[in-house]
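**Q** Handing over work.txt, compact mmCIF, C-alpha atoms and all ligand atoms.
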# COMPACT_ATOMS: atom_id res chain seq x y z
CA MET A 15 28.73 98.49 52.44
CA THR A 16 32.12 98.86 53.92
CA GLY A 17 32.74 102.21 52.28
CA THR A 18 33.24 104.24 55.42
CA LEU A 19 35.50 101.79 57.17
CA TYR A 20 38.61 102.12 55.12
CA SER A 21 40.58 105.23 54.52
CA GLY A 22 42.26 105.24 51.13
CA MET A 23 39.58 103.21 49.40
CA ASN A 24 36.99 104.22 46.88
CA SER A 25 34.32 104.74 49.48
CA ASP A 26 31.87 106.78 47.44
CA ASN A 27 31.40 104.32 44.68
CA PRO A 28 33.05 100.96 44.97
CA ALA A 29 31.95 100.10 41.45
CA SER A 30 33.87 103.04 40.06
CA PRO A 31 35.93 102.06 37.01
CA ASP A 32 39.03 103.60 38.52
CA PRO A 33 40.26 101.99 41.69
CA VAL A 34 41.69 104.65 43.95
CA ALA A 35 45.37 105.36 44.11
CA PRO A 36 47.10 104.54 47.38
CA ARG A 37 48.09 107.14 49.93
CA PRO A 38 51.07 106.65 52.20
CA ALA A 39 50.32 104.53 55.25
CA PRO A 40 49.94 106.63 58.39
CA PRO A 41 52.86 106.26 60.76
CA GLY A 42 50.64 104.54 63.34
CA PRO A 43 52.13 103.09 66.50
CA GLU A 44 52.24 99.65 65.00
CA THR A 45 53.47 100.53 61.55
CA GLY A 46 56.98 99.52 60.69
CA SER A 47 58.92 96.82 58.99
CA PRO A 48 61.43 94.71 60.80
CA ALA A 49 64.69 93.81 59.16
CA SER A 50 64.11 91.61 56.15
CA ALA A 51 64.32 87.88 56.61
CA ASP A 52 64.51 87.43 52.88
CA THR A 53 67.43 85.09 52.93
CA ALA A 54 68.32 85.02 49.25
CA ALA A 55 68.62 88.75 48.90
CA SER A 56 70.97 91.26 50.49
CA ALA A 57 69.95 94.69 51.76
CA ASP A 58 70.47 96.19 48.30
CA THR A 59 69.13 93.40 46.12
CA ALA A 60 66.03 91.28 45.84
CA ASP A 61 65.31 88.06 44.03
CA PHE A 62 63.40 88.35 40.79
CA GLY A 63 63.02 84.71 39.92
CA PHE A 64 66.58 83.31 39.91
CA ARG A 65 68.11 86.74 39.30
CA GLN A 66 69.22 89.26 41.88
CA VAL A 67 68.03 92.73 40.92
CA PRO A 68 68.36 96.10 42.67
CA ARG A 69 65.88 96.05 45.52
CA ALA A 70 64.22 99.26 44.34
CA ALA A 71 63.68 97.79 40.87
CA LYS A 72 61.80 94.63 41.81
CA ALA A 73 58.34 96.16 42.33
CA GLY A 74 58.39 97.74 38.87
CA MET A 75 59.50 94.47 37.29
CA VAL A 76 56.72 92.55 39.06
CA ARG A 77 54.26 95.20 37.90
CA GLY A 78 55.45 94.61 34.35
CA VAL A 79 54.75 90.88 34.68
CA PHE A 80 51.18 91.39 35.87
CA ASP A 81 50.50 94.21 33.43
CA SER A 82 51.47 91.76 30.74
CA VAL A 83 49.41 88.82 31.96
CA ALA A 84 46.34 90.58 33.45
CA GLN A 85 43.92 89.91 30.60
CA ARG A 86 44.91 86.24 30.27
CA TYR A 87 45.61 85.64 33.95
CA ASP A 88 42.53 83.57 34.76
CA VAL A 89 42.65 81.30 31.73
CA MET A 90 46.39 80.82 32.27
CA ASN A 91 45.81 79.86 35.89
CA ASP A 92 43.46 77.10 34.80
CA LEU A 93 45.86 75.84 32.15
CA MET A 94 48.99 76.06 34.30
CA SER A 95 47.48 74.23 37.24
CA LEU A 96 45.12 72.02 35.22
CA GLY A 97 42.36 73.60 37.28
CA VAL A 98 43.85 72.52 40.61
CA HIS A 99 44.21 76.13 41.80
CA ARG A 100 40.42 76.24 42.07
CA ALA A 101 40.40 73.37 44.57
CA TRP A 102 43.26 74.96 46.56
CA LYS A 103 41.40 78.25 46.69
CA GLN A 104 38.23 76.52 47.91
CA VAL A 105 40.14 74.86 50.73
CA PHE A 106 41.78 78.19 51.52
CA VAL A 107 38.51 80.11 51.69
CA ALA A 108 36.88 77.43 53.85
CA ALA A 109 39.85 77.60 56.24
CA MET A 110 39.21 81.33 56.70
CA ASP A 111 35.84 80.48 58.26
CA PRO A 112 33.76 83.09 56.39
CA ARG A 113 30.98 84.69 58.44
CA PRO A 114 28.71 87.64 57.63
CA GLN A 115 30.04 89.70 60.54
CA TYR A 116 33.70 89.33 59.44
CA ARG A 117 35.37 91.87 57.17
CA LEU A 118 38.05 90.56 54.85
CA LEU A 119 41.05 92.41 53.47
CA ASP A 120 42.28 90.53 50.40
CA LEU A 121 45.90 91.56 49.69
CA ALA A 122 47.39 91.11 46.22
CA GLY A 123 43.88 89.99 45.38
CA GLY A 124 44.32 90.43 41.62
CA THR A 125 41.28 89.32 39.68
CA GLY A 126 39.32 88.48 42.81
CA ASP A 127 39.05 84.69 43.14
CA ILE A 128 39.50 84.66 46.91
CA SER A 129 37.21 87.61 47.53
CA PHE A 130 34.46 86.06 45.45
CA GLY A 131 34.88 82.66 47.11
CA TRP A 132 34.63 84.32 50.53
CA LEU A 133 31.38 86.06 49.57
CA ARG A 134 29.91 82.91 48.02
CA ARG A 135 30.50 81.13 51.32
CA GLY A 136 28.66 83.78 53.30
CA GLY A 137 31.56 86.00 54.38
CA GLY A 138 31.06 89.68 55.17
CA PRO A 139 32.19 92.71 53.15
CA VAL A 140 35.45 92.49 51.25
CA LEU A 141 38.14 94.97 50.44
CA LEU A 142 39.86 93.64 47.33
CA THR A 143 43.28 95.26 46.95
CA ASP A 144 46.24 94.94 44.64
CA VAL A 145 49.19 97.10 43.69
CA ASN A 146 48.37 96.57 40.01
CA ALA A 147 45.39 98.54 38.67
CA ASN A 148 45.16 96.35 35.55
CA MET A 149 44.67 93.18 37.61
CA LEU A 150 42.17 94.97 39.81
CA ALA A 151 40.25 96.25 36.78
CA VAL A 152 39.73 92.63 35.67
CA GLY A 153 38.61 91.85 39.23
CA ARG A 154 36.14 94.75 39.15
CA ASP A 155 34.63 93.52 35.85
CA ARG A 156 34.33 90.00 37.24
CA ALA A 157 32.65 91.29 40.41
CA ILE A 158 30.12 93.18 38.29
CA ALA A 159 29.50 90.13 36.11
CA ARG A 160 28.88 88.01 39.22
CA GLY A 161 26.54 90.52 40.84
CA LEU A 162 28.95 90.85 43.76
CA ILE A 163 30.14 94.41 43.32
CA GLY A 164 27.87 95.67 46.12
CA ASP A 165 29.89 93.69 48.65
CA VAL A 166 33.33 94.37 47.21
CA ALA A 167 35.28 97.58 47.58
CA LEU A 168 38.39 97.94 45.45
CA ALA A 169 41.58 99.77 46.22
CA VAL A 170 45.01 99.96 44.67
CA ALA A 171 47.24 99.27 47.66
CA ASP A 172 50.78 98.07 48.21
CA ALA A 173 50.69 95.21 50.71
CA GLU A 174 54.03 96.41 52.10
CA ARG A 175 52.59 99.74 53.25
CA LEU A 176 48.85 99.53 53.65
CA PRO A 177 46.85 102.77 53.60
CA PHE A 178 44.44 101.46 56.25
CA PRO A 179 44.13 102.10 59.97
CA ASP A 180 45.21 99.75 62.75
CA ARG A 181 42.81 96.98 63.80
CA CYS A 182 40.17 97.51 61.10
CA VAL A 183 39.46 93.99 59.75
CA ASP A 184 38.79 90.45 61.01
CA ARG A 185 40.62 88.56 58.28
CA VAL A 186 43.60 89.38 56.11
CA CYS A 187 44.53 87.04 53.31
CA ILE A 188 47.10 86.90 50.54
CA ALA A 189 46.96 84.19 47.88
CA PHE A 190 49.87 83.66 45.51
CA GLY A 191 50.89 87.25 46.21
CA LEU A 192 53.52 87.18 48.95
CA ARG A 193 56.27 85.77 46.76
CA ASN A 194 55.90 88.75 44.44
CA CYS A 195 56.44 91.27 47.22
CA THR A 196 59.90 92.69 47.81
CA ASP A 197 59.74 93.04 51.60
CA LYS A 198 57.77 90.04 52.81
CA ASP A 199 58.38 90.88 56.46
CA ALA A 200 56.76 94.26 55.92
CA VAL A 201 53.68 92.56 54.43
CA LEU A 202 53.36 90.29 57.47
CA ALA A 203 53.81 93.21 59.88
CA GLU A 204 51.20 95.24 58.03
CA ALA A 205 48.77 92.31 58.01
CA ARG A 206 49.10 92.01 61.78
CA ARG A 207 48.74 95.77 62.26
CA VAL A 208 45.38 96.03 60.45
CA LEU A 209 43.91 92.92 62.11
CA ARG A 210 41.66 93.30 65.10
CA PRO A 211 42.81 91.37 68.16
CA GLY A 212 41.33 87.91 67.65
CA GLY A 213 41.59 88.33 63.89
CA ARG A 214 43.43 85.90 61.63
CA PHE A 215 45.90 86.07 58.76
CA PHE A 216 45.95 83.49 55.96
CA CYS A 217 48.50 82.97 53.23
CA LEU A 218 48.12 80.60 50.27
CA GLU A 219 51.36 80.23 48.37
CA PHE A 220 53.45 77.80 46.40
CA SER A 221 55.77 76.01 48.74
CA ARG A 222 58.27 73.16 48.91
CA VAL A 223 57.25 69.76 47.52
CA ARG A 224 57.37 67.14 50.27
CA VAL A 225 56.82 64.09 48.08
CA ALA A 226 60.09 63.20 46.34
CA ALA A 227 58.37 61.33 43.51
CA LEU A 228 56.56 64.50 42.50
CA THR A 229 59.67 66.62 42.06
CA PRO A 230 60.86 65.62 38.55
CA VAL A 231 57.39 65.93 37.06
CA TYR A 232 56.81 69.23 38.83
CA ASP A 233 60.16 70.63 37.66
CA ALA A 234 59.52 69.60 34.07
CA TRP A 235 56.06 71.12 34.19
CA SER A 236 57.36 74.38 35.70
CA PHE A 237 60.37 74.98 33.50
CA GLN A 238 59.47 73.25 30.23
CA VAL A 239 55.70 73.47 29.96
CA LEU A 240 54.79 76.74 31.70
CA PRO A 241 56.92 79.11 29.61
CA ARG A 242 55.68 77.39 26.43
CA LEU A 243 52.06 77.71 27.58
CA GLY A 244 52.77 81.35 28.40
CA ARG A 245 54.10 81.95 24.91
CA MET A 246 51.21 80.18 23.20
CA VAL A 247 48.31 81.53 25.25
CA ALA A 248 49.49 84.88 26.57
CA GLY A 249 52.26 85.63 24.05
CA ASP A 250 54.65 85.97 26.96
CA ALA A 251 57.07 83.20 27.92
CA GLU A 252 59.27 85.36 30.17
CA SER A 253 56.56 86.22 32.66
CA TYR A 254 55.78 82.56 33.15
CA GLN A 255 59.46 81.71 33.45
CA TYR A 256 59.57 84.32 36.24
CA LEU A 257 56.56 82.74 37.93
CA ALA A 258 58.19 79.30 37.91
CA GLU A 259 61.46 80.70 39.24
CA SER A 260 59.83 82.84 41.92
CA ILE A 261 58.17 79.74 43.34
CA ARG A 262 61.57 78.10 43.83
CA THR A 263 63.06 81.08 45.63
CA PHE A 264 60.12 81.57 47.99
CA PRO A 265 60.72 80.60 51.65
CA ASP A 266 59.76 77.02 52.48
CA GLN A 267 57.01 76.05 54.92
CA GLU A 268 59.09 76.32 58.11
CA THR A 269 60.84 79.52 57.09
CA LEU A 270 57.59 81.31 56.33
CA ALA A 271 56.07 80.08 59.59
CA GLY A 272 59.07 81.56 61.44
CA MET A 273 58.69 84.88 59.61
CA MET A 274 55.04 85.00 60.65
CA ARG A 275 55.94 84.42 64.29
CA ARG A 276 58.57 87.13 64.15
CA ALA A 277 55.92 89.49 62.76
CA GLY A 278 53.94 88.92 65.95
CA LEU A 279 51.41 86.41 64.69
CA ALA A 280 50.53 83.62 67.13
CA ARG A 281 49.35 80.02 66.84
CA VAL A 282 50.90 79.70 63.40
CA THR A 283 49.84 76.59 61.50
CA VAL A 284 50.82 75.15 58.13
CA ARG A 285 48.76 72.88 55.91
CA ASN A 286 50.30 71.37 52.80
CA LEU A 287 48.25 71.02 49.64
CA SER A 288 49.05 68.53 46.86
CA GLY A 289 52.15 67.23 48.60
CA GLY A 290 53.49 70.68 49.41
CA ILE A 291 53.22 72.17 45.92
CA ALA A 292 51.20 74.79 47.75
CA ALA A 293 50.63 75.47 51.44
CA ILE A 294 48.23 77.40 53.62
CA HIS A 295 49.84 79.30 56.49
CA SER A 296 47.65 80.86 59.13
CA GLY A 297 48.23 82.85 62.30
CA TRP A 298 46.31 84.88 64.85
CA ARG A 299 46.63 88.39 66.11
CA LEU A 300 46.04 87.94 69.83
C1 LIG A 401 49.67 85.57 41.15
S1 LIG A 401 48.69 86.99 41.39
C2 LIG A 401 47.53 86.44 42.60
C3 LIG A 401 46.17 87.04 42.43
C4 LIG A 401 45.06 86.43 43.31
N1 LIG A 401 45.34 86.59 44.71
C5 LIG A 401 44.84 84.98 42.99
O1 LIG A 401 45.06 84.14 43.86
O2 LIG A 401 44.43 84.67 41.87
C6 LIG A 401 49.79 87.98 42.32
C7 LIG A 401 49.30 89.42 42.53
O3 LIG A 401 50.18 90.06 43.45
C8 LIG A 401 50.15 91.44 43.13
N2 LIG A 401 51.24 92.11 43.84
C9 LIG A 401 52.57 92.01 43.62
N3 LIG A 401 53.26 92.77 44.49
C10 LIG A 401 52.33 93.37 45.29
C11 LIG A 401 52.41 94.27 46.39
N4 LIG A 401 53.59 94.71 46.85
N5 LIG A 401 51.26 94.67 46.97
C12 LIG A 401 50.07 94.24 46.52
N6 LIG A 401 49.92 93.39 45.47
C13 LIG A 401 51.04 92.95 44.87
C14 LIG A 401 50.24 91.42 41.62
O4 LIG A 401 49.90 92.65 41.06
C15 LIG A 401 49.29 90.28 41.29
O5 LIG A 401 47.99 90.74 41.03
Written as structure tokens, that's how I'd like the structure from this file.
**A**
Amino acid sequence: MTGTLYSGMNSDNPASPDPVAPRPAPPGPETGSPASADTAASADTADFGFRQVPRAAKAGMVRGVFDSVAQRYDVMNDLMSLGVHRAWKQVFVAAMDPRPQYRLLDLAGGTGDISFGWLRRGGGPVLLTDVNANMLAVGRDRAIARGLIGDVALAVADAERLPFPDRCVDRVCIAFGLRNCTDKDAVLAEARRVLRPGGRFFCLEFSRVRVAALTPVYDAWSFQVLPRLGRMVAGDAESYQYLAESIRTFPDQETLAGMMRRAGLARVTVRNLSGGIAAIHSGWRL
């Protein structure tokens, strides 16, 4: 078990019902966030969907969204994507090249899909983290139900200031999480910091559609269907309106690749999925 590797995680009993609270990240030599490249937002504001909100308020608002959707998150994912998110996640996990000797840090891991996929494909121990304890609690229950809890440690952790030491894992991933973070540059810098040299970072995120014919259907689905589905299934249209909007304000493929390079990641590659509806970005810590 990975229990002793990570400071700040629930090392005594990873199956504990209460994921540990985060502690401040140590001011290690490689900690630090470069100036934000978040183009839509100024120094004092951040995008929350199409709205600009005070920068300090965004994290709490995002928390409210995922508190609201946690229990229905998985069924909503299937409905919203017509199951396609499962295929994307499979491609994503395969790209990470899971091996028993590799340790994975899953950032914004929520209910655990990526962590479980990694383990199913023979990857080594996983640290499943999220800033939202309600999402993580669903992930913990799913890990128990799948008989995987022995290989998964859980920790409440903010991806923008990770409570883990430098160079402690072989893979860092974030799936559909980066767009919810306020300081995306800080997340990328932290990912690089905790990677061992030779380790790799992977991001799966909604991106910019590259097939013009898809755009009208995709827009109608996002802004007409998703909020209605949210209202019907989760009793919450607003959260799903936010999700649709946050996808449109997220940096496009090239912009995110540039942010990764500026964070010190090398050999950055981009792979579009479903015509660019989603994309996998990867980079190395050399
Ligand atoms: C759309 S869910 C993705 C969950 C999972 N990775 C998946 O692919 O199903 C986004 C997650 O990002 C988390 N999140 C938002 N801001 C975060 C932050 N600053 N640090 C860590 N997690 C964060 C939310 O709590 C939520 O669980």
**Q** Kindly compute an axis-aligned box around the listed atoms of ligand LIG 401 (chain A), allowing 4 Å on each side, and express its centre and edge lengths in Å to one decimal as lines of an AutoDock Vina configuration file.
**A**
center_x = 49.0
center_y = 89.4
center_z = 44.0
size_x = 17.2
size_y = 18.6
size_z = 13.9
**Q** Counting all atoms listed in the file, what is within 12 Å of A:Ser82, bar same-chain residues fewer than 5 positions away, as an MDAnalysis selection string?
**A** chainID A and resid 75:77 87 146 148:149 244:245 248:254
**Q** One decimal, Å: what's the distance from atom CA of A:Thr143 over to atom CA of A:Arg222, could you say?
**A**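 Calculated distance between atom CA of A:Thr143 and atom CA of A:Arg222 is 26.8 Å.
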**Q** Could you list, as a ChimeraX atom specification, all the residues within 8 Å of ligand LIG 401 (chain A), counting all atoms listed in the file?
**A** /A:73,76-77,80-81,84,88,91,103,120-128,143-147,149-150,170-174,188-197,201,218
**Q** Keeping only C-alpha atoms, write the selected residues to a file as an mmCIF file, in the coordinates of the input.
**A**
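The resulting file, part.cif, is shown below:
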data_model
loop_
_atom_site.group_PDB
_atom_site.id
_atom_site.type_symbol
_atom_site.label_atom_id
_atom_site.label_comp_id
_atom_site.auth_asym_id
_atom_site.auth_seq_id
_atom_site.Cartn_x
_atom_site.Cartn_y
_atom_site.Cartn_z
ATOM 1 C CA ALA A 73 58.340 96.160 42.330
ATOM 2 C CA VAL A 76 56.720 92.550 39.060
ATOM 3 C CA ARG A 77 54.260 95.200 37.900
ATOM 4 C CA PHE A 80 51.180 91.390 35.870
ATOM 5 C CA ASP A 81 50.500 94.210 33.430
ATOM 6 C CA ALA A 84 46.340 90.580 33.450
ATOM 7 C CA ASP A 88 42.530 83.570 34.760
ATOM 8 C CA ASN A 91 45.810 79.860 35.890
ATOM 9 C CA LYS A 103 41.400 78.250 46.690
ATOM 10 C CA ASP A 120 42.280 90.530 50.400
ATOM 11 C CA LEU A 121 45.900 91.560 49.690
ATOM 12 C CA ALA A 122 47.390 91.110 46.220
ATOM 13 C CA GLY A 123 43.880 89.990 45.380
ATOM 14 C CA GLY A 124 44.320 90.430 41.620
ATOM 15 C CA THR A 125 41.280 89.320 39.680
ATOM 16 C CA GLY A 126 39.320 88.480 42.810
ATOM 17 C CA ASP A 127 39.050 84.690 43.140
ATOM 18 C CA ILE A 128 39.500 84.660 46.910
ATOM 19 C CA THR A 143 43.280 95.260 46.950
ATOM 20 C CA ASP A 144 46.240 94.940 44.640
ATOM 21 C CA VAL A 145 49.190 97.100 43.690
ATOM 22 C CA ASN A 146 48.370 96.570 40.010
ATOM 23 C CA ALA A 147 45.390 98.540 38.670
ATOM 24 C CA MET A 149 44.670 93.180 37.610
ATOM 25 C CA LEU A 150 42.170 94.970 39.810
ATOM 26 C CA VAL A 170 45.010 99.960 44.670
ATOM 27 C CA ALA A 171 47.240 99.270 47.660
ATOM 28 C CA ASP A 172 50.780 98.070 48.210
ATOM 29 C CA ALA A 173 50.690 95.210 50.710
ATOM 30 C CA GLU A 174 54.030 96.410 52.100
ATOM 31 C CA ILE A 188 47.100 86.900 50.540
ATOM 32 C CA ALA A 189 46.960 84.190 47.880
ATOM 33 C CA PHE A 190 49.870 83.660 45.510
ATOM 34 C CA GLY A 191 50.890 87.250 46.210
ATOM 35 C CA LEU A 192 53.520 87.180 48.950
ATOM 36 C CA ARG A 193 56.270 85.770 46.760
ATOM 37 C CA ASN A 194 55.900 88.750 44.440
ATOM 38 C CA CYS A 195 56.440 91.270 47.220
ATOM 39 C CA THR A 196 59.900 92.690 47.810
ATOM 40 C CA ASP A 197 59.740 93.040 51.600
ATOM 41 C CA VAL A 201 53.680 92.560 54.430
ATOM 42 C CA LEU A 218 48.120 80.600 50.270
#
**Q** Neighbouring residues of A:Trp298 were defined as those with any atom within 8 Å, considering only C-alpha atoms; residues of the same chain fewer than 2 positions away were excluded. Please report them as JSON, numbers by chain.
**A** {"A": [212, 213, 214, 215, 279, 280, 281, 282, 296, 300]}
**Q** Tell me which protein, DNA and RNA residues are within 6 Å of A:Gly289, counting all atoms listed in the file, leaving out same-chain ones fewer than 3 positions away, and put them as a VMD selection string.
**A** chain A and resid 223 to 225
**Q** Keeping only C-alpha atoms, write the selected residues to a file as a PDB file, in the frame of the given file.
**A**
ATOM      1  CA  VAL A 223      57.250  69.760  47.520  1.00  0.00           C
ATOM      2  CA  ARG A 224      57.370  67.140  50.270  1.00  0.00           C
ATOM      3  CA  VAL A 225      56.820  64.090  48.080  1.00  0.00           C
TER       4      VAL A 225
END
**Q** Work out how far atom CA of A:Arg181 is from atom CA of A:Arg113, in Å to one decimal.
**A**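 According to the coordinates, atom CA of A:Arg113 and atom CA of A:Arg181 are separated by 17.9 Å.
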**Q** Calculated over only C-alpha atoms, which of the candidates A:Phe106, A:Leu243, A:Gln238, A:Leu141 has the smallest distance to A:Cys217?
**A**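 When distances to A:Cys217 are compared using only C-alpha atoms, the smallest one comes from A:Phe106.
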**Q** As a CSV table (one decimal) with C-alpha atoms, in the frame of the given file, please: the residues near A:Val89 (cut-off 12 Å, all atoms listed in the file, same-chain neighbours under 3 positions excluded).
**A**
chain,number,residue,atom,x,y,z
A,83,VAL,CA,49.4,88.8,32.0
A,84,ALA,CA,46.3,90.6,33.4
A,85,GLN,CA,43.9,89.9,30.6
A,86,ARG,CA,44.9,86.2,30.3
A,92,ASP,CA,43.5,77.1,34.8
A,93,LEU,CA,45.9,75.8,32.2
A,94,MET,CA,49.0,76.1,34.3
A,95,SER,CA,47.5,74.2,37.2
A,96,LEU,CA,45.1,72.0,35.2
A,97,GLY,CA,42.4,73.6,37.3
A,99,HIS,CA,44.2,76.1,41.8
A,100,ARG,CA,40.4,76.2,42.1
A,125,THR,CA,41.3,89.3,39.7
A,243,LEU,CA,52.1,77.7,27.6
A,244,GLY,CA,52.8,81.4,28.4
A,247,VAL,CA,48.3,81.5,25.2
A,248,ALA,CA,49.5,84.9,26.6
**Q** With all atoms listed in the file as the basis for distance, which of A:Ala277, A:Val239, A:Arg262, A:Pro211 is at the shortest distance from A:Asp199?
**A**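 Checking each candidate against A:Asp199, we get A:Ala277 as the closest.
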**Q** Tell me, in Å to one decimal, how far atom CA of A:Trp132 is from atom CA of A:Val107.
**A**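 It comes out at 5.8 Å.
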**Q** Nearest residue to A:Tyr232 out of A:Gln66, A:Gln115, A:Gln104, A:Ser288, using only C-alpha atoms?
**A** A:Ser288
**Q** Mind writing stretch 128-198 of chain A to a file for me, with C-alpha atoms, as a PDB file, in the first residue's frame?
**A**
ATOM      1  CA  ILE A 128      -9.706   7.205 -13.847  1.00  0.00           C
ATOM      2  CA  SER A 129      -8.176   5.645 -10.753  1.00  0.00           C
ATOM      3  CA  PHE A 130     -10.258   2.509 -11.169  1.00  0.00           C
ATOM      4  CA  GLY A 131      -9.489   2.279 -14.891  1.00  0.00           C
ATOM      5  CA  TRP A 132      -5.772   2.585 -14.121  1.00  0.00           C
ATOM      6  CA  LEU A 133      -5.945  -0.266 -11.597  1.00  0.00           C
ATOM      7  CA  ARG A 134      -8.017  -2.465 -13.903  1.00  0.00           C
ATOM      8  CA  ARG A 135      -5.305  -2.091 -16.537  1.00  0.00           C
ATOM      9  CA  GLY A 136      -2.580  -3.200 -14.152  1.00  0.00           C
ATOM     10  CA  GLY A 137      -1.328   0.169 -12.885  1.00  0.00           C
ATOM     11  CA  GLY A 138       0.350   0.515  -9.491  1.00  0.00           C
ATOM     12  CA  PRO A 139      -1.026   2.157  -6.342  1.00  0.00           C
ATOM     13  CA  VAL A 140      -3.255   5.180  -6.716  1.00  0.00           C
ATOM     14  CA  LEU A 141      -3.753   8.302  -4.685  1.00  0.00           C
ATOM     15  CA  LEU A 142      -7.250   9.518  -5.507  1.00  0.00           C
ATOM     16  CA  THR A 143      -7.611  13.173  -4.542  1.00  0.00           C
ATOM     17  CA  ASP A 144     -10.230  15.869  -4.849  1.00  0.00           C
ATOM     18  CA  VAL A 145     -10.960  19.153  -3.145  1.00  0.00           C
ATOM     19  CA  ASN A 146     -14.552  18.036  -2.564  1.00  0.00           C
ATOM     20  CA  ALA A 147     -15.073  15.486   0.223  1.00  0.00           C
ATOM     21  CA  ASN A 148     -18.575  14.613  -1.034  1.00  0.00           C
ATOM     22  CA  MET A 149     -17.274  13.565  -4.458  1.00  0.00           C
ATOM     23  CA  LEU A 150     -14.457  11.640  -2.821  1.00  0.00           C
ATOM     24  CA  ALA A 151     -16.888   9.867  -0.477  1.00  0.00           C
ATOM     25  CA  VAL A 152     -18.748   8.523  -3.523  1.00  0.00           C
ATOM     26  CA  GLY A 153     -15.363   7.456  -4.935  1.00  0.00           C
ATOM     27  CA  ARG A 154     -14.505   5.677  -1.685  1.00  0.00           C
ATOM     28  CA  ASP A 155     -17.819   3.751  -1.733  1.00  0.00           C
ATOM     29  CA  ARG A 156     -17.265   2.772  -5.353  1.00  0.00           C
ATOM     30  CA  ALA A 157     -13.720   1.591  -4.593  1.00  0.00           C
ATOM     31  CA  ILE A 158     -15.054  -0.582  -1.778  1.00  0.00           C
ATOM     32  CA  ALA A 159     -17.809  -1.970  -4.004  1.00  0.00           C
ATOM     33  CA  ARG A 160     -15.228  -2.859  -6.671  1.00  0.00           C
ATOM     34  CA  GLY A 161     -12.833  -4.508  -4.232  1.00  0.00           C
ATOM     35  CA  LEU A 162     -10.183  -1.920  -5.123  1.00  0.00           C
ATOM     36  CA  ILE A 163      -9.914  -0.020  -1.867  1.00  0.00           C
ATOM     37  CA  GLY A 164      -6.671  -1.804  -0.932  1.00  0.00           C
ATOM     38  CA  ASP A 165      -4.902  -0.117  -3.834  1.00  0.00           C
ATOM     39  CA  VAL A 166      -6.496   3.303  -3.506  1.00  0.00           C
ATOM     40  CA  ALA A 167      -5.603   5.911  -0.931  1.00  0.00           C
ATOM     41  CA  LEU A 168      -7.911   8.903  -0.676  1.00  0.00           C
ATOM     42  CA  ALA A 169      -7.084  12.457   0.245  1.00  0.00           C
ATOM     43  CA  VAL A 170      -8.902  15.754   0.146  1.00  0.00           C
ATOM     44  CA  ALA A 171      -6.415  17.945  -1.694  1.00  0.00           C
ATOM     45  CA  ASP A 172      -6.541  21.163  -3.666  1.00  0.00           C
ATOM     46  CA  ALA A 173      -4.779  20.595  -6.984  1.00  0.00           C
ATOM     47  CA  GLU A 174      -3.505  24.192  -6.845  1.00  0.00           C
ATOM     48  CA  ARG A 175      -1.466  23.571  -3.690  1.00  0.00           C
ATOM     49  CA  LEU A 176      -0.734  19.903  -3.256  1.00  0.00           C
ATOM     50  CA  PRO A 177       0.184  18.645   0.217  1.00  0.00           C
ATOM     51  CA  PHE A 178       2.701  16.168  -1.218  1.00  0.00           C
ATOM     52  CA  PRO A 179       6.477  16.210  -1.476  1.00  0.00           C
ATOM     53  CA  ASP A 180       8.505  16.913  -4.605  1.00  0.00           C
ATOM     54  CA  ARG A 181       9.129  14.028  -7.029  1.00  0.00           C
ATOM     55  CA  CYS A 182       6.927  11.418  -5.339  1.00  0.00           C
ATOM     56  CA  VAL A 183       4.880   9.892  -8.194  1.00  0.00           C
ATOM     57  CA  ASP A 184       5.352   8.543 -11.734  1.00  0.00           C
ATOM     58  CA  ARG A 185       2.074   9.763 -13.208  1.00  0.00           C
ATOM     59  CA  VAL A 186      -0.152  12.725 -12.474  1.00  0.00           C
ATOM     60  CA  CYS A 187      -3.504  12.973 -14.167  1.00  0.00           C
ATOM     61  CA  ILE A 188      -6.486  15.291 -14.118  1.00  0.00           C
ATOM     62  CA  ALA A 189      -9.677  14.430 -15.990  1.00  0.00           C
ATOM     63  CA  PHE A 190     -12.401  17.018 -16.472  1.00  0.00           C
ATOM     64  CA  GLY A 191     -10.999  18.828 -13.448  1.00  0.00           C
ATOM     65  CA  LEU A 192      -8.644  21.530 -14.716  1.00  0.00           C
ATOM     66  CA  ARG A 193     -11.385  23.782 -16.044  1.00  0.00           C
ATOM     67  CA  ASN A 194     -12.897  23.934 -12.562  1.00  0.00           C
ATOM     68  CA  CYS A 195      -9.676  25.159 -10.970  1.00  0.00           C
ATOM     69  CA  THR A 196      -9.144  28.876 -10.450  1.00  0.00           C
ATOM     70  CA  ASP A 197      -5.382  29.001 -11.039  1.00  0.00           C
ATOM     71  CA  LYS A 198      -4.700  26.499 -13.797  1.00  0.00           C
TER      72      LYS A 198
END
